[in-house]
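Peer 1: Coordinates in query.txt, compact mmCIF, C-alpha atoms, are listed below.
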```
# COMPACT_ATOMS: atom_id res chain seq x y z
CA MET A 234 -122.59 26.87 86.12
CA PHE A 235 -122.34 27.62 82.40
CA LEU A 236 -123.14 31.31 82.93
CA GLY A 237 -120.61 31.48 85.76
CA PHE A 238 -117.91 29.92 83.60
CA LEU A 239 -118.77 32.24 80.70
CA SER A 240 -118.53 35.19 83.09
CA ILE A 241 -115.02 34.08 84.03
CA VAL A 242 -114.06 33.92 80.35
CA ARG A 243 -115.47 37.40 79.71
CA THR A 244 -113.64 38.72 82.78
CA ILE A 245 -110.32 37.34 81.54
CA ASP A 246 -110.98 39.04 78.19
CA GLY A 247 -111.66 42.33 80.00
CA ARG A 248 -115.29 42.46 78.84
CA PHE A 249 -116.72 43.44 82.23
CA SER A 250 -119.96 44.84 80.79
CA GLU A 251 -120.78 41.29 79.70
CA ALA A 252 -119.30 39.42 82.65
CA ALA A 253 -121.41 41.15 85.32
CA PRO A 254 -124.86 40.48 83.75
CA LEU A 255 -123.93 36.82 83.30
CA ILE A 256 -123.58 36.51 87.07
CA GLY A 257 -126.98 38.17 87.40
CA GLY A 258 -128.43 35.63 84.99
CA ALA A 259 -126.94 32.82 87.06
CA VAL A 260 -128.63 34.28 90.16
CA ILE A 261 -132.03 34.22 88.43
CA LEU A 262 -131.55 30.61 87.32
CA ASP A 263 -130.43 29.65 90.82
CA MET A 264 -133.64 31.12 92.23
CA LEU A 265 -135.73 29.22 89.68
CA ASP A 266 -134.14 25.78 89.92
CA GLY A 267 -134.92 25.32 93.61
CA ARG A 268 -138.50 26.53 93.23
CA ILE A 269 -139.07 24.32 90.19
CA ALA A 270 -137.67 21.33 92.08
CA ARG A 271 -140.04 21.99 94.99
CA LEU A 272 -143.06 22.49 92.72
CA THR A 273 -142.36 19.27 90.82
CA HIS A 274 -141.28 17.33 93.93
CA THR A 275 -137.97 16.40 92.33
CA GLN A 276 -135.65 17.47 95.14
CA SER A 277 -132.77 15.11 95.87
CA GLU A 278 -129.61 15.10 97.93
CA PHE A 279 -127.58 14.74 94.73
CA GLY A 280 -129.26 17.84 93.29
CA ALA A 281 -128.55 19.84 96.44
CA GLN A 282 -124.86 18.95 96.39
CA TYR A 283 -124.52 19.59 92.67
CA ASP A 284 -126.25 22.96 93.10
CA SER A 285 -123.70 23.92 95.76
CA LEU A 286 -120.80 23.03 93.47
CA ALA A 287 -122.32 25.13 90.68
CA ASP A 288 -122.81 28.00 93.15
CA ALA A 289 -119.15 27.83 94.15
CA VAL A 290 -118.19 28.50 90.52
CA SER A 291 -120.87 31.03 89.56
CA PHE A 292 -121.09 32.96 92.84
CA GLY A 293 -117.66 32.31 94.33
CA VAL A 294 -114.94 32.12 91.69
CA ALA A 295 -116.64 34.31 89.05
CA PRO A 296 -117.39 37.40 91.21
CA ALA A 297 -114.07 37.13 93.07
CA LEU A 298 -112.13 37.14 89.79
CA LEU A 299 -114.37 39.91 88.43
CA ALA A 300 -113.74 42.14 91.46
CA TYR A 301 -109.99 41.52 91.35
CA THR A 302 -109.57 42.13 87.62
CA TRP A 303 -111.92 45.12 87.59
CA ALA A 304 -110.42 46.99 90.56
CA LEU A 305 -108.49 45.04 93.18
CA GLU A 306 -105.41 44.44 91.06
CA LEU A 307 -104.56 48.12 91.66
CA VAL A 308 -103.75 47.08 95.24
CA PRO A 309 -102.33 43.60 94.61
CA ARG A 310 -100.89 42.98 98.08
CA ALA A 311 -104.32 43.26 99.66
CA GLY A 312 -106.43 42.75 96.54
CA TRP A 313 -105.95 39.10 95.83
CA PRO A 314 -106.23 38.05 99.52
CA ALA A 315 -109.53 39.99 99.70
CA ALA A 316 -110.82 38.26 96.57
CA PHE A 317 -109.80 34.88 97.99
CA LEU A 318 -111.46 35.76 101.31
CA PHE A 319 -114.72 36.37 99.46
CA LEU A 320 -114.41 32.99 97.75
CA ALA A 321 -113.51 31.17 100.98
CA CYS A 322 -116.37 32.76 102.92
CA GLY A 323 -118.78 31.93 100.12
CA VAL A 324 -117.78 28.25 100.11
CA LEU A 325 -118.04 28.14 103.91
CA ARG A 326 -121.50 29.67 103.60
CA LEU A 327 -122.53 26.94 101.16
CA ALA A 328 -121.18 24.19 103.43
CA ARG A 329 -123.00 25.62 106.46
CA PHE A 330 -126.23 25.89 104.47
CA ASN A 331 -126.02 22.24 103.42
CA VAL A 332 -125.55 21.15 107.02
CA GLN A 333 -128.27 23.38 108.50
CA ARG A 334 -130.92 23.43 105.78
CA HIS A 335 -133.09 20.83 107.56
CA VAL A 336 -132.87 22.37 111.04
CA VAL A 337 -133.23 26.15 110.52
CA ASP A 338 -136.34 28.23 109.83
CA SER A 339 -136.85 28.11 106.06
CA ARG A 340 -138.20 31.68 106.08
CA PHE A 341 -134.70 33.00 106.80
CA PHE A 342 -131.13 32.46 105.70
CA VAL A 343 -128.41 32.47 108.33
CA GLY A 344 -125.85 34.82 106.84
CA LEU A 345 -125.96 36.57 103.48
CA PRO A 346 -126.63 33.97 100.75
CA ILE A 347 -123.73 33.60 98.34
CA PRO A 348 -125.88 34.46 95.27
CA ALA A 349 -126.78 37.76 96.94
CA GLY A 350 -123.11 38.43 97.73
CA ALA A 351 -122.15 37.75 94.14
CA ALA A 352 -125.02 39.93 92.89
CA GLN A 353 -123.81 42.80 95.08
CA LEU A 354 -120.36 42.80 93.46
CA ALA A 355 -121.72 42.22 89.96
CA ALA A 356 -124.24 45.07 90.31
CA ILE A 357 -121.44 47.56 90.98
CA VAL A 358 -119.52 46.43 87.91
CA PHE A 359 -122.78 46.49 85.92
CA VAL A 360 -123.21 50.19 86.81
CA LEU A 361 -119.53 51.07 86.19
CA PRO A 362 -118.21 48.54 83.65
CA GLU A 363 -114.99 50.38 82.86
CA PRO A 364 -112.00 49.06 84.87
CA ARG A 365 -111.05 51.26 87.79
CA THR A 366 -107.93 53.42 87.53
CA GLU A 367 -107.93 55.23 90.87
CA ARG A 368 -106.39 53.69 93.96
CA TRP A 369 -109.17 54.97 96.26
CA GLU A 370 -111.73 53.17 94.12
CA ALA A 371 -109.81 49.93 94.52
CA VAL A 372 -109.61 50.45 98.29
CA ALA A 373 -113.36 51.08 98.48
CA MET A 374 -114.06 47.92 96.47
CA LEU A 375 -111.64 45.98 98.66
CA ALA A 376 -113.53 47.09 101.78
CA LEU A 377 -116.85 46.06 100.21
CA VAL A 378 -115.51 42.64 99.19
CA VAL A 379 -114.28 41.99 102.73
CA VAL A 380 -117.53 43.17 104.33
CA VAL A 381 -119.68 41.07 102.00
CA GLY A 382 -117.45 38.06 102.66
CA PHE A 383 -117.89 38.35 106.42
CA LEU A 384 -121.64 38.93 106.05
CA MET A 385 -121.89 35.56 104.29
CA VAL A 386 -120.43 33.73 107.30
CA SER A 387 -122.20 35.92 109.86
CA THR A 388 -125.27 34.93 111.87
CA PHE A 389 -127.40 37.82 110.60
CA ARG A 390 -130.76 36.60 109.35
CA TYR A 391 -131.93 37.39 105.83
CA ARG A 392 -135.37 36.82 104.38
CA SER A 393 -135.50 33.83 102.04
CA PHE A 394 -138.91 34.69 100.46
CA LYS A 395 -139.61 30.96 100.26
CA GLY A 396 -143.00 31.57 101.83
CA VAL A 397 -144.33 33.12 98.63
CA ASP A 398 -146.69 30.52 97.20
CA LEU A 399 -147.89 31.26 93.67
CA ARG A 400 -150.32 28.31 93.77
CA ARG A 401 -152.57 29.64 96.53
CA ARG A 402 -155.63 31.81 96.05
CA ARG A 403 -154.99 35.44 95.22
CA SER A 404 -151.60 34.40 93.87
CA TYR A 405 -152.34 36.60 90.87
CA LEU A 406 -151.51 39.55 93.12
CA SER A 407 -148.02 38.15 93.69
CA VAL A 408 -147.59 37.53 89.96
CA LEU A 409 -148.77 41.06 89.20
CA GLY A 410 -146.36 42.47 91.77
CA ILE A 411 -143.46 40.52 90.26
CA ALA A 412 -144.39 41.74 86.77
CA ILE A 413 -144.53 45.36 87.93
CA LEU A 414 -141.16 44.92 89.65
CA PHE A 415 -139.57 43.64 86.44
CA LEU A 416 -141.13 46.52 84.51
CA ILE A 417 -139.65 49.05 86.94
CA VAL A 418 -136.23 47.40 86.78
CA ALA A 419 -136.35 47.45 82.97
CA THR A 420 -136.59 51.26 82.98
CA GLN A 421 -133.36 51.85 84.92
CA PRO A 422 -131.78 48.40 85.33
CA GLU A 423 -128.31 49.43 86.48
CA THR A 424 -129.36 51.84 89.22
CA LEU A 425 -132.33 49.84 90.49
CA LEU A 426 -130.46 46.52 90.58
CA LEU A 427 -127.64 48.15 92.53
CA ALA A 428 -130.16 49.65 94.96
CA ALA A 429 -131.97 46.32 95.35
CA THR A 430 -128.78 44.37 96.06
CA GLY A 431 -127.55 47.04 98.44
CA LEU A 432 -130.81 47.08 100.40
CA TYR A 433 -130.84 43.29 100.71
CA THR A 434 -127.20 43.18 101.78
CA ALA A 435 -127.85 45.79 104.46
CA SER A 436 -131.15 44.25 105.60
CA GLY A 437 -129.50 41.64 107.82
CA PRO A 438 -127.44 44.02 110.01
CA VAL A 439 -130.25 46.59 110.02
CA ALA A 440 -132.82 44.04 111.20
CA TRP A 441 -130.44 42.83 113.91
CA ALA A 442 -129.80 46.40 115.10
CA TYR A 443 -133.53 47.15 115.12
CA SER A 444 -134.25 44.04 117.19
CA ALA A 445 -131.46 44.92 119.62
CA LEU A 446 -132.84 48.45 120.09
CA ARG A 447 -136.35 47.12 120.67
CA ARG A 448 -135.10 44.72 123.34
CA ARG A 449 -133.32 47.57 125.10
CA SER A 450 -136.34 49.87 124.95
CA ASP A 451 -138.80 47.28 126.28
CA PRO A 452 -139.46 47.91 130.00
CA ARG A 453 -138.09 45.22 132.22
CA PRO A 454 -140.59 43.41 134.45
CA PRO A 455 -140.39 44.42 138.12
CA LEU A 456 -138.27 42.21 140.30
CA ALA A 457 -140.27 39.84 142.45
CA VAL A 458 -140.07 40.60 146.15
CA ASP A 459 -139.94 37.63 148.43
CA GLU A 460 -142.82 37.57 150.85
CA PRO A 461 -141.79 37.43 154.52
CA GLN A 462 -141.94 33.94 155.92
CA PRO A 463 -143.97 33.43 159.08
CA ALA A 464 -142.00 32.88 162.25
CA PRO A 465 -141.85 29.26 163.37
```
Translate this file's structure into structure tokens.

Peer 2:
Amino acid sequence: MFLGFLSIVRTIDGRFSEAAPLIGGAVILDMLDGRIARLTHTQSEFGAQYDSLADAVSFGVAPALLAYTWALELVPRAGWPAAFLFLACGVLRLARFNVQRHVVDSRFFVGLPIPAGAAQLAAIVFVLPEPRTERWEAVAMLALVVVVGFLMVSTFRYRSFKGVDLRRRRSYLSVLGIAILFLIVATQPETLLLAATGLYTASGPVAWAYSALRRRSDPRPPLAVDEPQPAP
């Protein structure tokens, strides 16, 4: 929550090159707090609700304000409603997650997680920190904000990666893979983080389309023919 609030302050000051990485830092901490709670068996209903409130600030208000101040204010009539739509969809996503977290498959998220949606917007600003001056750039950002907002409340399934268990045997391979990933990101952080967020955002619709195509291509079983009934 602190990093999200600090990102808002930096956004208001027009320091976008600092505001965007702060949202990224909040995403990393959000990934760690849940895993630490599970490893230490300190989960609680209070913690889950407090985490959602912190997410609403760090991944709802902060990226929405960042997107509006950085680009969407060039198209104010549609810009601020789009930024609010992102925030509203993100909060709805959090509420749905709280209701469904005990009844859905933990390997998947239903809809794009709000930290991933916030990371997608922050990654773009991280690559291009200067405020936008062209109207077409604002329109493109507006379209992205709306699409990401609807993906958060969609029913597309996204991998949660909660099945990765660093305590099991051969976990050193997972640790080594994570270390190599961080090393690669450190070489070209802006480009690679944007690519990573873009691939994850697109993975839900792409997986759904792939499954739909596979169902269509599978041969249908032959229709059963009723055997003739003997005459009475």

Peer 1: Please, what distance in Å, to one decimal, runs between atom CA of Phe342 of chain A and atom CA of Val381 of chain A?

Peer 2: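 Computing it gives 14.8 Å between the two atoms.
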
Peer 1: Quick one: of A:Ile413, A:Leu426, A:Leu305, A:Leu345, who's nearest to Ala373 of chain A, counting only C-alpha atoms?

Peer 2: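 Ranked by minimum distance to Ala373 of chain A, first place goes to A:Leu305.
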
Peer 1: With a distance cut-off of 12 Å and all atoms listed in the file, select the neighbouring residues of Pro314 of chain A, excluding the residue or stretch itself and same-chain residues fewer than 6 positions from it, and output the selection as a list in words.

Peer 2: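 In the requested format, the answer is Ala297, Leu298, Ala300, Tyr301, Leu305, Glu306, Val308, Leu320, Ala321, Cys322, Leu375, Ala376, Val378, Val379 and Gly382 of chain A.
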
Peer 1: Restrict the selected residues to C-alpha atoms and save them as a PDB file, in the coordinates of the input.

Peer 2:
```pdb
ATOM      1  CA  ALA A 297    -114.070  37.130  93.070  1.00  0.00           C
ATOM      2  CA  LEU A 298    -112.130  37.140  89.790  1.00  0.00           C
ATOM      3  CA  ALA A 300    -113.740  42.140  91.460  1.00  0.00           C
ATOM      4  CA  TYR A 301    -109.990  41.520  91.350  1.00  0.00           C
ATOM      5  CA  LEU A 305    -108.490  45.040  93.180  1.00  0.00           C
ATOM      6  CA  GLU A 306    -105.410  44.440  91.060  1.00  0.00           C
ATOM      7  CA  VAL A 308    -103.750  47.080  95.240  1.00  0.00           C
ATOM      8  CA  LEU A 320    -114.410  32.990  97.750  1.00  0.00           C
ATOM      9  CA  ALA A 321    -113.510  31.170 100.980  1.00  0.00           C
ATOM     10  CA  CYS A 322    -116.370  32.760 102.920  1.00  0.00           C
ATOM     11  CA  LEU A 375    -111.640  45.980  98.660  1.00  0.00           C
ATOM     12  CA  ALA A 376    -113.530  47.090 101.780  1.00  0.00           C
ATOM     13  CA  VAL A 378    -115.510  42.640  99.190  1.00  0.00           C
ATOM     14  CA  VAL A 379    -114.280  41.990 102.730  1.00  0.00           C
ATOM     15  CA  GLY A 382    -117.450  38.060 102.660  1.00  0.00           C
TER      16      GLY A 382
END
```

Peer 1: Considering only C-alpha atoms, state which residue in the set A:Glu367, A:Leu384, A:Pro438, A:Ser393 is at the smallest distance from Leu307 of chain A.

Peer 2: A:Glu367

Peer 1: What gap, in Å, lies between atom CA of Ala316 of chain A and atom CA of Phe341 of chain A?

Peer 2: 26.5 Å

Peer 1: Find, counting all atoms listed in the file, the residue in A:Leu446, A:Ala287, A:Thr302, A:Arg392 that gets nearest to Ser339 of chain A.

Peer 2: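 For Ser339 of chain A, the nearest of the candidates is A:Arg392.
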